[in-house]
Every structure is written in C-alpha cells, then in structure tokens.
>>> print(open('data35.cif').read())   # mmCIF, C-alpha atoms and all ligand atoms
data_target
#
loop_
_atom_site.label_atom_id
_atom_site.label_comp_id
_atom_site.auth_asym_id
_atom_site.auth_seq_id
_atom_site.Cartn_x
_atom_site.Cartn_y
_atom_site.Cartn_z
CA MET A 26 15.28 6.21 -38.83
CA PRO A 27 13.85 8.42 -36.07
CA THR A 28 15.81 8.74 -32.85
CA ALA A 29 14.74 8.94 -29.23
CA LYS A 30 16.60 10.45 -26.32
CA ILE A 31 17.02 7.74 -23.69
CA ARG A 32 17.96 9.11 -20.26
CA VAL A 33 19.39 6.38 -18.10
CA LYS A 34 20.01 6.74 -14.39
CA ARG A 35 23.45 5.23 -13.95
CA PHE A 36 25.41 4.29 -10.90
CA ASN A 37 28.62 2.35 -10.47
CA PRO A 38 29.23 1.79 -6.75
CA GLU A 39 32.97 1.41 -7.37
CA LYS A 40 33.28 4.81 -9.07
CA ASP A 41 30.32 7.07 -8.42
CA ARG A 42 29.38 8.77 -5.19
CA LYS A 43 25.79 9.10 -6.31
CA PRO A 44 23.62 8.20 -9.31
CA TYR A 45 23.68 10.47 -12.37
CA TRP A 46 21.71 10.79 -15.60
CA ALA A 47 23.35 9.76 -18.87
CA ASP A 48 21.68 10.71 -22.16
CA TYR A 49 21.83 8.62 -25.33
CA GLU A 50 20.46 9.30 -28.82
CA VAL A 51 19.06 5.99 -29.98
CA PRO A 52 17.64 5.22 -33.45
CA TYR A 53 14.52 3.09 -33.30
CA GLU A 54 12.14 1.17 -35.55
CA PRO A 55 8.37 1.31 -34.92
CA PHE A 56 8.49 -2.17 -33.38
CA ASP A 57 11.45 -1.49 -31.05
CA ARG A 58 10.87 -1.79 -27.34
CA VAL A 59 12.63 0.10 -24.56
CA LEU A 60 14.67 -3.07 -24.01
CA ASP A 61 15.90 -2.83 -27.63
CA ALA A 62 16.95 0.76 -27.00
CA LEU A 63 18.89 -0.35 -23.91
CA HIS A 64 20.47 -3.16 -25.96
CA TYR A 65 21.46 -0.59 -28.58
CA ILE A 66 23.23 1.48 -25.92
CA LYS A 67 24.95 -1.53 -24.35
CA TRP A 68 26.01 -3.08 -27.64
CA ASN A 69 26.94 0.04 -29.62
CA VAL A 70 27.59 2.95 -27.30
CA ASP A 71 28.69 1.89 -23.83
CA GLY A 72 29.22 -1.76 -22.93
CA THR A 73 29.50 -0.94 -19.24
CA LEU A 74 25.75 -0.31 -18.92
CA ALA A 75 24.30 -2.90 -16.54
CA VAL A 76 20.78 -4.06 -17.33
CA ARG A 77 19.10 -7.36 -16.47
CA ARG A 78 16.89 -9.34 -18.81
CA SER A 79 16.47 -12.95 -19.67
CA CYS A 80 13.53 -14.01 -21.79
CA ALA A 81 13.03 -10.61 -23.45
CA HIS A 82 9.37 -11.49 -23.94
CA GLY A 83 7.54 -10.61 -20.75
CA ILE A 84 7.71 -14.00 -19.06
CA CYS A 85 10.72 -14.12 -16.75
CA GLY A 86 10.15 -10.83 -14.95
CA SER A 87 13.79 -9.74 -15.04
CA ASP A 88 13.56 -6.32 -16.62
CA ALA A 89 10.96 -4.39 -14.66
CA LEU A 90 12.20 -0.79 -14.62
CA LEU A 91 10.96 2.67 -13.78
CA ILE A 92 10.24 3.98 -17.28
CA ASN A 93 9.03 7.57 -17.60
CA GLY A 94 8.12 7.45 -13.93
CA VAL A 95 6.06 4.26 -13.97
CA ASN A 96 7.05 0.64 -13.46
CA ARG A 97 7.00 -1.29 -16.73
CA LEU A 98 8.74 -4.27 -18.29
CA ALA A 99 11.29 -2.83 -20.74
CA CYS A 100 10.62 -5.81 -23.03
CA LYS A 101 6.89 -5.08 -23.23
CA ILE A 102 6.75 -1.38 -23.96
CA LEU A 103 7.34 0.19 -27.37
CA VAL A 104 9.54 3.26 -27.74
CA LYS A 105 7.11 4.81 -30.24
CA ASP A 106 4.28 4.60 -27.72
CA ILE A 107 5.90 6.67 -25.01
CA GLY A 108 7.54 9.56 -26.81
CA THR A 109 10.96 10.68 -27.94
CA THR A 110 12.42 11.43 -24.51
CA ILE A 111 12.37 8.42 -22.24
CA SER A 112 13.76 8.16 -18.73
CA VAL A 113 14.83 4.77 -17.45
CA GLU A 114 15.66 4.16 -13.78
CA PRO A 115 16.14 1.14 -11.54
CA LEU A 116 13.13 0.00 -9.47
CA ARG A 117 12.55 2.08 -6.36
CA GLY A 118 12.81 0.67 -2.86
CA LEU A 119 15.41 -2.02 -3.62
CA PRO A 120 19.19 -1.51 -3.30
CA VAL A 121 20.90 -0.70 -6.60
CA ILE A 122 23.75 -3.08 -7.46
CA LYS A 123 24.79 -1.26 -10.61
CA ASP A 124 22.96 1.03 -13.07
CA LEU A 125 19.58 -0.59 -13.74
CA VAL A 126 20.17 -3.76 -11.74
CA VAL A 127 18.69 -3.95 -8.25
CA ASN A 128 19.14 -6.53 -5.53
CA MET A 129 15.91 -8.56 -5.53
CA GLU A 130 16.70 -10.47 -2.31
CA PRO A 131 14.59 -8.25 0.02
CA PHE A 132 11.70 -8.74 -2.40
CA PHE A 133 12.04 -12.53 -2.47
CA ASP A 134 12.42 -12.61 1.33
CA LYS A 135 8.93 -11.07 1.60
CA TYR A 136 7.63 -13.54 -0.96
CA LYS A 137 8.94 -16.50 1.06
CA GLN A 138 7.25 -15.20 4.22
CA VAL A 139 3.78 -16.11 2.89
CA LYS A 140 4.72 -19.78 2.28
CA PRO A 141 4.05 -19.73 -1.45
CA TRP A 142 3.64 -23.46 -1.90
CA LEU A 143 0.78 -25.93 -1.57
CA ILE A 144 0.03 -26.81 2.04
CA ASN A 145 -2.06 -29.98 2.23
CA ASP A 146 -1.55 -32.69 4.84
CA ASP A 147 -4.05 -35.14 3.36
CA PRO A 148 -2.60 -38.35 1.90
CA THR A 149 -1.54 -37.75 -1.68
CA PRO A 150 -4.46 -38.77 -3.91
CA GLU A 151 -3.98 -41.42 -6.57
CA LYS A 152 -4.83 -39.05 -9.39
CA GLU A 153 -5.09 -35.27 -9.32
CA ARG A 154 -6.92 -33.09 -6.77
CA PRO A 155 -10.06 -32.10 -8.68
CA GLN A 156 -11.29 -28.54 -8.76
CA SER A 157 -14.27 -26.92 -10.46
CA PRO A 158 -13.85 -23.99 -12.86
CA GLU A 159 -15.61 -21.81 -10.26
CA GLN A 160 -13.12 -22.82 -7.57
CA ARG A 161 -10.25 -22.11 -9.94
CA GLU A 162 -11.68 -18.72 -10.85
CA LEU A 163 -11.29 -17.50 -7.24
CA PHE A 164 -7.50 -17.44 -7.42
CA ASP A 165 -6.83 -17.55 -11.17
CA ASP A 166 -5.70 -13.91 -11.39
CA GLY A 167 -2.80 -14.38 -8.97
CA THR A 168 -1.38 -17.36 -10.88
CA LYS A 169 -0.32 -14.95 -13.63
CA CYS A 170 2.33 -13.33 -11.41
CA ILE A 171 5.88 -13.45 -12.82
CA LEU A 172 7.53 -11.98 -9.67
CA CYS A 173 9.01 -9.02 -11.53
CA ALA A 174 8.52 -6.77 -8.45
CA ALA A 175 6.89 -3.99 -10.51
CA CYS A 176 3.90 -3.82 -8.13
CA THR A 177 5.74 -3.96 -4.82
CA THR A 178 8.33 -1.38 -5.88
CA SER A 179 5.60 0.99 -7.13
CA CYS A 180 3.99 1.09 -3.68
CA PRO A 181 4.71 4.21 -1.61
CA VAL A 182 4.19 2.23 1.60
CA TYR A 183 6.92 -0.18 0.50
CA TRP A 184 9.29 2.68 -0.37
CA THR A 185 9.18 4.22 3.07
CA THR A 186 10.75 1.71 5.46
CA GLY A 187 10.67 -1.52 3.47
CA GLU A 188 8.82 -3.19 6.34
CA TYR A 189 5.62 -3.71 4.36
CA ILE A 190 5.37 -7.19 2.89
CA GLY A 191 4.15 -5.63 -0.36
CA PRO A 192 1.48 -6.42 -2.96
CA ALA A 193 3.40 -9.19 -4.77
CA ALA A 194 3.69 -11.29 -1.61
CA ILE A 195 0.00 -10.67 -0.85
CA VAL A 196 -1.09 -11.68 -4.36
CA ASN A 197 0.94 -14.88 -4.09
CA ALA A 198 -0.52 -15.61 -0.66
CA HIS A 199 -3.98 -14.97 -2.13
CA ARG A 200 -3.24 -17.48 -4.88
CA PHE A 201 -3.04 -20.23 -2.21
CA ILE A 202 -5.46 -18.84 0.39
CA PHE A 203 -8.31 -18.99 -2.15
CA ASP A 204 -7.23 -22.34 -3.65
CA SER A 205 -9.67 -25.08 -2.59
CA ARG A 206 -6.84 -27.66 -2.60
CA ASP A 207 -4.79 -25.74 -0.06
CA GLN A 208 -5.12 -25.96 3.73
CA GLY A 209 -2.74 -23.22 4.82
CA GLY A 210 -5.17 -20.36 4.36
CA GLN A 211 -5.60 -19.45 8.02
CA GLU A 212 -1.87 -19.64 8.59
CA ARG A 213 -1.20 -17.24 5.73
CA LEU A 214 -4.01 -14.89 6.75
CA ALA A 215 -2.40 -14.70 10.20
CA ILE A 216 0.94 -13.76 8.60
CA LEU A 217 -0.76 -11.12 6.43
CA ALA A 218 -2.51 -9.65 9.50
CA GLU A 219 0.79 -8.84 11.16
CA LYS A 220 2.09 -5.30 11.35
CA SER A 221 4.03 -5.76 8.11
CA GLY A 222 1.02 -7.22 6.33
CA ALA A 223 -2.05 -6.34 4.27
CA PHE A 224 -3.40 -3.67 6.62
CA ARG A 225 -0.45 -1.45 5.68
CA CYS A 226 -2.05 -1.11 2.23
CA ARG A 227 -3.53 2.37 1.62
CA THR A 228 -5.35 1.42 -1.60
CA VAL A 229 -3.09 3.61 -3.74
CA PHE A 230 -3.60 1.43 -6.88
CA ASN A 231 -0.02 1.97 -8.14
CA CYS A 232 0.41 -1.81 -8.01
CA THR A 233 -2.56 -2.49 -10.27
CA ASP A 234 -1.30 0.10 -12.73
CA ALA A 235 2.22 -1.34 -12.68
CA CYS A 236 1.42 -5.02 -13.19
CA PRO A 237 2.60 -6.13 -16.66
CA GLN A 238 0.36 -9.20 -16.39
CA GLY A 239 -2.80 -7.18 -15.84
CA ILE A 240 -3.43 -8.69 -12.42
CA GLU A 241 -5.97 -6.67 -10.42
CA VAL A 242 -3.48 -6.43 -7.58
CA THR A 243 -5.33 -3.95 -5.35
CA LYS A 244 -8.52 -6.00 -5.62
CA ARG A 245 -6.67 -9.14 -4.53
CA VAL A 246 -5.23 -7.29 -1.53
CA GLN A 247 -8.73 -6.10 -0.62
CA GLU A 248 -10.00 -9.68 -0.83
CA VAL A 249 -7.38 -10.70 1.71
CA LYS A 250 -8.44 -7.89 4.07
CA ARG A 251 -12.06 -8.92 3.61
CA ALA A 252 -11.26 -12.60 4.33
CA ILE A 253 -9.69 -11.55 7.63
CA THR A 254 -12.56 -9.20 8.45
CA VAL A 255 -15.62 -11.28 7.54
CA GLY A 256 -14.14 -14.77 7.23
CA GLY A 257 -15.32 -17.22 4.62
CA ILE A 258 -12.05 -19.00 3.98
CA MET B 7 -10.37 -26.83 5.01
CA GLN B 8 -9.42 -26.92 8.66
CA ALA B 9 -11.76 -28.54 11.15
CA THR B 10 -11.02 -26.22 14.07
CA ARG B 11 -11.96 -22.79 12.93
CA ALA B 12 -13.46 -20.59 15.62
CA ARG B 13 -12.95 -17.22 13.92
CA PRO B 14 -10.89 -16.01 11.00
CA ALA B 15 -7.19 -15.82 11.68
CA GLY B 16 -5.50 -12.51 12.06
CA ARG B 17 -8.02 -10.38 13.87
CA GLY B 18 -5.39 -8.65 15.93
CA TRP B 19 -4.47 -5.10 16.80
CA GLU B 20 -3.43 -4.02 13.26
CA TRP B 21 -6.70 -5.34 11.90
CA PHE B 22 -8.62 -3.54 14.62
CA CYS B 23 -6.88 -0.21 13.89
CA TRP B 24 -7.59 -0.57 10.19
CA LEU B 25 -11.24 -1.37 10.82
CA TYR B 26 -11.61 1.38 13.42
CA MET B 27 -10.32 3.99 10.91
CA ARG B 28 -13.14 3.00 8.59
CA ILE B 29 -15.89 2.76 11.19
CA SER B 30 -14.94 6.10 12.75
CA ALA B 31 -14.76 7.64 9.26
CA VAL B 32 -18.30 6.54 8.42
CA VAL B 33 -19.65 7.71 11.76
CA MET B 34 -17.88 11.05 11.41
CA ILE B 35 -19.35 11.69 7.95
CA GLY B 36 -22.80 11.67 9.55
CA LEU B 37 -21.77 13.69 12.58
CA VAL B 38 -19.82 16.27 10.59
CA LEU B 39 -22.64 16.77 8.08
CA GLY B 40 -25.06 17.29 10.99
CA HIS B 41 -22.63 19.73 12.56
CA LEU B 42 -22.18 21.65 9.30
CA TYR B 43 -25.92 21.78 8.71
CA PHE B 44 -26.69 23.10 12.16
CA MET B 45 -23.80 25.53 12.53
CA HIS B 46 -23.48 26.88 8.99
CA ILE B 47 -26.89 26.50 7.36
CA VAL B 48 -29.48 26.71 10.15
CA ASN B 49 -27.29 29.15 12.03
CA SER B 50 -24.45 31.29 10.82
CA THR B 51 -20.96 31.56 12.18
CA ASP B 52 -21.20 35.34 11.54
CA THR B 53 -23.67 35.72 14.36
CA ILE B 54 -22.03 33.31 16.77
CA SER B 55 -21.87 34.65 20.31
CA HIS B 56 -21.35 33.50 23.86
CA GLU B 57 -25.09 33.44 24.26
CA PHE B 58 -25.56 31.17 21.27
CA VAL B 59 -22.93 28.73 22.46
CA SER B 60 -24.40 28.86 25.93
CA GLN B 61 -27.86 28.00 24.64
CA ARG B 62 -26.57 25.22 22.48
CA LEU B 63 -24.64 23.59 25.30
CA ALA B 64 -27.58 23.95 27.65
CA THR B 65 -29.13 20.89 25.99
CA PRO B 66 -27.49 17.55 26.84
CA PHE B 67 -28.04 16.51 23.23
CA TRP B 68 -25.47 18.94 21.83
CA ARG B 69 -23.03 18.30 24.63
CA ILE B 70 -23.09 14.59 23.90
CA TYR B 71 -23.05 15.24 20.13
CA ASP B 72 -19.91 17.37 20.43
CA LEU B 73 -18.34 14.92 22.84
CA VAL B 74 -18.84 12.05 20.41
CA ILE B 75 -17.31 14.04 17.52
CA LEU B 76 -14.40 14.97 19.76
CA LEU B 77 -13.71 11.38 20.80
CA PHE B 78 -14.05 9.96 17.32
CA ALA B 79 -11.99 12.69 15.64
CA MET B 80 -9.19 12.47 18.20
CA SER B 81 -8.99 8.68 18.25
CA HIS B 82 -9.19 8.50 14.44
CA GLY B 83 -6.51 11.17 14.12
CA VAL B 84 -4.21 9.47 16.64
CA ILE B 85 -4.46 6.03 15.05
CA GLY B 86 -3.96 7.54 11.58
CA THR B 87 -0.92 9.54 12.66
CA ARG B 88 0.48 6.48 14.45
CA GLY B 89 0.32 4.68 11.10
CA ILE B 90 2.13 7.50 9.31
CA ILE B 91 4.90 7.40 11.93
CA GLU B 92 5.18 3.62 11.44
CA ASP B 93 5.53 4.25 7.73
CA TYR B 94 8.17 6.92 7.74
CA VAL B 95 10.28 6.59 10.87
CA ARG B 96 12.85 3.82 10.70
CA LYS B 97 14.77 4.31 13.95
CA PRO B 98 12.93 2.34 16.67
CA GLY B 99 13.83 4.85 19.41
CA LEU B 100 12.67 7.86 17.43
CA ARG B 101 9.55 5.97 16.41
CA ARG B 102 8.61 5.21 20.00
CA GLY B 103 9.49 8.75 21.08
CA LEU B 104 7.31 10.33 18.39
CA GLN B 105 4.43 7.96 19.05
CA TRP B 106 4.46 8.61 22.78
CA THR B 107 4.64 12.35 22.16
CA LEU B 108 1.60 11.92 19.94
CA TYR B 109 -0.28 9.91 22.57
CA VAL B 110 0.51 12.31 25.42
CA LEU B 111 -0.29 15.46 23.41
CA SER B 112 -3.55 14.08 22.03
CA ALA B 113 -4.60 12.78 25.43
CA ALA B 114 -4.01 16.29 26.80
CA PHE B 115 -6.08 17.88 24.02
CA THR B 116 -8.83 15.32 24.42
CA ILE B 117 -8.99 15.89 28.18
CA ALA B 118 -9.05 19.66 27.63
CA GLY B 119 -11.91 19.20 25.14
CA ILE B 120 -13.86 16.95 27.48
CA TYR B 121 -13.29 19.42 30.31
CA VAL B 122 -14.68 22.30 28.27
CA LEU B 123 -17.75 20.34 27.24
CA VAL B 124 -18.49 18.88 30.66
CA ALA B 125 -17.60 21.79 32.92
CA PHE B 126 -19.17 24.57 30.85
CA GLN B 127 -21.92 26.34 32.77
CA PRO B 128 -24.59 27.76 30.45
CA GLY B 129 -25.53 31.37 30.96
CA GLN B 130 -22.48 32.07 33.03
CA LEU B 131 -19.76 34.30 31.63
CA SER B 132 -16.38 33.01 32.54
CA ARG B 133 -14.66 35.81 34.44
C1 LIG C 1 -15.68 12.81 8.11
C2 LIG C 1 -14.43 12.91 8.41
C3 LIG C 1 -13.36 11.91 8.06
C4 LIG C 1 -13.38 10.84 7.20
C5 LIG C 1 -14.52 10.35 6.32
C6 LIG C 1 -12.07 10.22 7.24
C7 LIG C 1 -11.70 9.09 6.54
C8 LIG C 1 -10.49 8.46 6.64
C9 LIG C 1 -10.17 7.14 6.11
C10 LIG C 1 -11.11 6.24 5.35
C11 LIG C 1 -8.86 6.88 6.39
C12 LIG C 1 -8.08 5.62 6.05
C13 LIG C 1 -7.27 5.77 4.83
C14 LIG C 1 -6.46 4.52 4.55
O1 LIG C 1 -6.04 3.83 5.48
O2 LIG C 1 -6.26 4.21 3.38
C15 LIG C 1 -8.35 8.03 7.10
C16 LIG C 1 -7.06 8.18 7.53
C17 LIG C 1 -6.62 9.20 8.33
N1 LIG C 1 -7.39 10.21 8.88
FE1 LIG C 1 -9.32 10.54 8.53
N2 LIG C 1 -11.29 10.91 8.11
C18 LIG C 1 -12.01 11.96 8.64
C19 LIG C 1 -11.62 12.88 9.58
C20 LIG C 1 -10.35 12.97 10.09
C21 LIG C 1 -9.93 13.90 11.14
C22 LIG C 1 -10.85 14.92 11.80
C23 LIG C 1 -8.61 13.68 11.35
C24 LIG C 1 -7.66 14.36 12.31
C25 LIG C 1 -7.99 14.64 13.56
C26 LIG C 1 -8.19 12.61 10.45
C27 LIG C 1 -6.90 12.12 10.39
C28 LIG C 1 -6.55 11.02 9.65
C29 LIG C 1 -5.20 10.50 9.56
C30 LIG C 1 -3.96 11.09 10.25
C31 LIG C 1 -5.24 9.37 8.74
C32 LIG C 1 -4.09 8.47 8.34
C33 LIG C 1 -3.68 8.76 6.92
C34 LIG C 1 -2.84 7.68 6.35
O3 LIG C 1 -2.80 6.58 6.93
O4 LIG C 1 -2.22 7.90 5.32
N3 LIG C 1 -9.27 12.20 9.70
N4 LIG C 1 -9.36 8.96 7.25
S1 LIG C 2 13.18 -9.91 -20.04
FE1 LIG C 2 11.91 -11.50 -19.21
S2 LIG C 2 10.16 -10.33 -18.62
FE2 LIG C 2 11.28 -8.88 -19.75
#
>>> encode(input="data35.cif", output="structure tokens")
Amino acid sequence: MPTAKIRVKRFNPEKDRKPYWADYEVPYEPFDRVLDALHYIKWNVDGTLAVRRSCAHGICGSDALLINGVNRLACKILVKDIGTTISVEPLRGLPVIKDLVVNMEPFFDKYKQVKPWLINDDPTPEKERPQSPEQRELFDDGTKCILCAACTTSCPVYWTTGEYIGPAAIVNAHRFIFDSRDQGGQERLAILAEKSGAFRCRTVFNCTDACPQGIEVTKRVQEVKRAITVGGI
Amino acid sequence: MQATRARPAGRGWEWFCWLYMRISAVVMIGLVLGHLYFMHIVNSTDTISHEFVSQRLATPFWRIYDLVILLFAMSHGVIGTRGIIEDYVRKPGLRRGLQWTLYVLSAAFTIAGIYVLVAFQPGQLSR
C-alpha cells in the first residue's frame, strides 16, 4: 500500500505554548479520504489527536479543515487526489480548542445575527405557502449550506479582526431575503448594510472556492449588495 | 412583501463608501487615461518644462481637469485606506488615532494641491 506524509498542526492548550507540526506516515487505499488518514492516526498512532467529525459523508459540516492551504471537508477529499505530502490545519480565524478542533461559537453568533428563520406575520395558511419554481430558483443555492464555516474562515476580511459577519451568514440571510414567503427581507438587508456587513466583502472569491456544496457564495453576496443598491426586494 | 417601502433598507454610510469607491474608480479610469494620453503620448515628459506647465495651466480646462483628478484620487484613497484600517486595527483608540491622522494628513495634501492649482500664475516664474 502506498503511504502519504500527513503533516498535522497540533496544539494542546494544557501542554503546548504554541502550535507545532507533527508528521505521520499513513498508508492509504485509492478510495481513502483525508478523514480516513486522520482516523488512521487517531486509531493506530496517537489517540490524543483531536479531530471533529460526525456524519463522515459531507452533510453535517463538522470536519472543515485547512488542507494543503485551502478549506475543504476532510470527508470529501481523496488522499490520492492531493499528493503524498498533505498538511492539515484547523480553520483560520476561529479559536483553536485542541489540535484540529476550533470553537465555532463566534461563527454561529454571526449566523444568528441575520435571523435565519422564516419571518412572516400573516395568519398561518391552511395548507402550504405556494411558490413557483422560478421563485424558488432565486434562493435555491443558499439552501445547500451545511454551516461548516469553510467559506467564512477562508475570507481574509474575516481573519483580520473577526468583525465581518462573513459569507456564510450572508448566504443564509440571502436564502430568506430572496424567499417569496418571507417578509423580513428589509430587516435583514439593514443588518447586512451595517459596518460589519456585506460591504466589507472585497470580492476575493476564496469563499466560492472553499464551499464543499458548490454554492456560488461570492455571487450571492453580490446579489445582497445589489439588492441594497438598486432595490427590488 | 412589506407595504411601507420607501427605499431599500440599508443605504447608510458604509453603503455610500462602497458605492463611492466604485463611482470614483470608474470616473478616474477616464480621467487618468486622458491624462496619460495628453502627457505621455501627445506630449512627452522628457521635454516637460516650466513653460509647458505654465501654458497648460493657462487654460481653465486643464486646471479644472487636474482639480477633479486630485479630488477624486484623494477622496478615493482616503476612503479606501480608512477601510484597510478598519480591517486590520483592532484597538479602538489606535484605530481612531490612525484614521484621524489619515484625515488630517490627506486634508493637508489636498489643500496644498488645490492651492497649487488655483494660485499658480501662468508665465510667472516663482522666485
Ligand atoms: C483609475 C484609477 C483607480 C481605479 C480604477 C481604482 C479602483 C478601485 C476599486 C474598484 C476599489 C475597491 C476594491 C474593493 O473594495 O474591493 C479600490 C480600492 C482602493 N483604492 Fe483605488 N482605484 C484607482 C485609483 C486609486 C488611487 C489613485 C488611490 C490612492 C490615492 C487608490 C487607493 C485605493 C485604496 C487605498 C483602496 C482600498 C483597498 C482595499 O479596500 O483593499 N486607488 N480602488
Ligand atoms: S464529517 Fe460531516 S461533513 Fe464531514
């Protein structure tokens, strides 16, 4: 079986003064993912390695990591596709709890700021609230978000002071702003127009590249800026 | 959708700065290309002299042209740099200090630029 060198950025706040690189030789099959390599290390080499995952199949959004310098889900990327030396680091811009596990709270705090739930004061209809395929199409992309934080933590504006609300929160606001059944669009646009909001975006496109769900994140952010600028919501 | 909807929400200061960066950028592309064409293609910077500058600034057109470039470039640069300070400086005191330094310095440069353009007397050698 071929082996790959997996370089993991490790940090134990109870022992280490700063993070360090640990190298592991890991045998891999052609169908093994980076997550399998991390499992191999944890289960066979060093059980103290902290890594978070849940579904292991790209749905829960638990294992977004900085892999060879780009944000990817460890459970969605094959070892054979990215070479025999692979660096794995925790997401940037969020506090490291241990090794590859970051504290997601600051990320979810931003998410909550955009009121990511249906706002509709009309009396609840007897059946469903109908919507045409065209109306659905306007916000469909954003519904694919799994809140893994890969986009927000790939954004250089988010890294700097952490003030920026970040692309994930904007995409999730977009998902409701452009939903014909929702009435909180103006309210959310006002939140996204604040100093911490969408106008901090510099169109870097890291977010679009990072999204494991293939959401056109930058485009969605631009649509929010356009809605504020020319209206139409 | 809401019944009361005068204008889209969120058109505040941050929005204005963002939009102004883009508007000034588009305007400057035109102005800078015109400037390059006139100064480097029609004329040459190798032959630039006091006389040439004097002649150029004798026409109100070029004075106003240069004034507009000056105002757009300085305001665009200040708003852009303000944004970079917002991005990178965490400490509120330092942030304010740096931003005010930026505003005071650029105001001084802008006033100096305006002074040169307005007060310049064609055909008259200073000193
Ligand atoms: C034709 C000339 C110019 C064009 C087309 C242009 C275009 C732009 C645009 C579109 C942005 C916004 C980028 C973003 O927010 O994503 C920008 C930012 C900026 N510009 Fe200009 N610009 C020009 C000249 C200048 C000049 C002369 C200065 C300095 C006096 C300047 C300083 C800046 C700064 C400091 C930023 C902020 C950069 C950032 O936010 O990362 N620009 N420029
Ligand atoms: S472990 Fe659930 S998305 Fe990868």
>>> residues_near_ligand(input="data35.cif", ligand="ligand LIG 2 (chain C)", cutoff="8 Å", atoms="only C-alpha atoms and all ligand atoms", output="ChimeraX atom specification")
/A:60,77-89,98-101,171,173
>>> interface_residues(input="data35.cif", of="chain A", to="chain B", cutoff="8 Å", atoms="all atoms listed in the file", output="JSON, numbers by chain")
{"A": [182, 185, 186, 205, 207, 208, 211, 212, 214, 215, 216, 217, 218, 219, 220, 224, 252, 253, 254, 255, 256, 257, 258]}
>>> residues_around(input="data35.cif", residues="Thr109 of chain A", least_positions_apart="3", cutoff="12 Å", atoms="only C-alpha atoms", output="VMD selection string")
chain A and resid 27 to 32 49 to 53 55 59 62 93 103 to 106 112
>>> residues_near_ligand(input="data35.cif", ligand="ligand LIG 1 (chain C)", cutoff="6 Å", atoms="all atoms listed in the file", output="MDAnalysis selection string")
(chainID A and resid 227:228) or (chainID B and resid 27:28 31:32 34:35 38 79:80 82:83 86:87 89:90)
>>> residues_around(input="data35.cif", residues="segment 68-76 of chain B", least_positions_apart="5", cutoff="8 Å", atoms="only C-alpha atoms", output="PDB file with C-alpha atoms, in the frame of the given file")
ATOM      1  CA  MET B  34     -17.880  11.050  11.410  1.00  0.00           C
ATOM      2  CA  LEU B  37     -21.770  13.690  12.580  1.00  0.00           C
ATOM      3  CA  VAL B  38     -19.820  16.270  10.590  1.00  0.00           C
ATOM      4  CA  ARG B  62     -26.570  25.220  22.480  1.00  0.00           C
ATOM      5  CA  LEU B  63     -24.640  23.590  25.300  1.00  0.00           C
ATOM      6  CA  THR B 116      -8.830  15.320  24.420  1.00  0.00           C
ATOM      7  CA  GLY B 119     -11.910  19.200  25.140  1.00  0.00           C
ATOM      8  CA  ILE B 120     -13.860  16.950  27.480  1.00  0.00           C
ATOM      9  CA  LEU B 123     -17.750  20.340  27.240  1.00  0.00           C
ATOM     10  CA  VAL B 124     -18.490  18.880  30.660  1.00  0.00           C
TER      11      VAL B 124
END
>>> atom_distance(input="data35.cif", atom1="atom CA of Arg200 of chain A", atom2="atom CA of Asp147 of chain A")
19.5 Å
>>> axis_aligned_box(input="data35.cif", around="segment 14-18 of chain B", padding_each_side="8 Å", output="AutoDock Vina command-line options")
--center_x -8.1 --center_y -12.3 --center_z 13.5 --size_x 21.5 --size_y 23.4 --size_z 20.9
>>> atom_distance(input="data35.cif", atom1="atom CA of Asn96 of chain A", atom2="atom CA of Val229 of chain A")
14.4 Å
>>> atom_distance(input="data35.cif", atom1="atom CA of Lys137 of chain A", atom2="atom CA of Leu90 of chain A")
22.4 Å
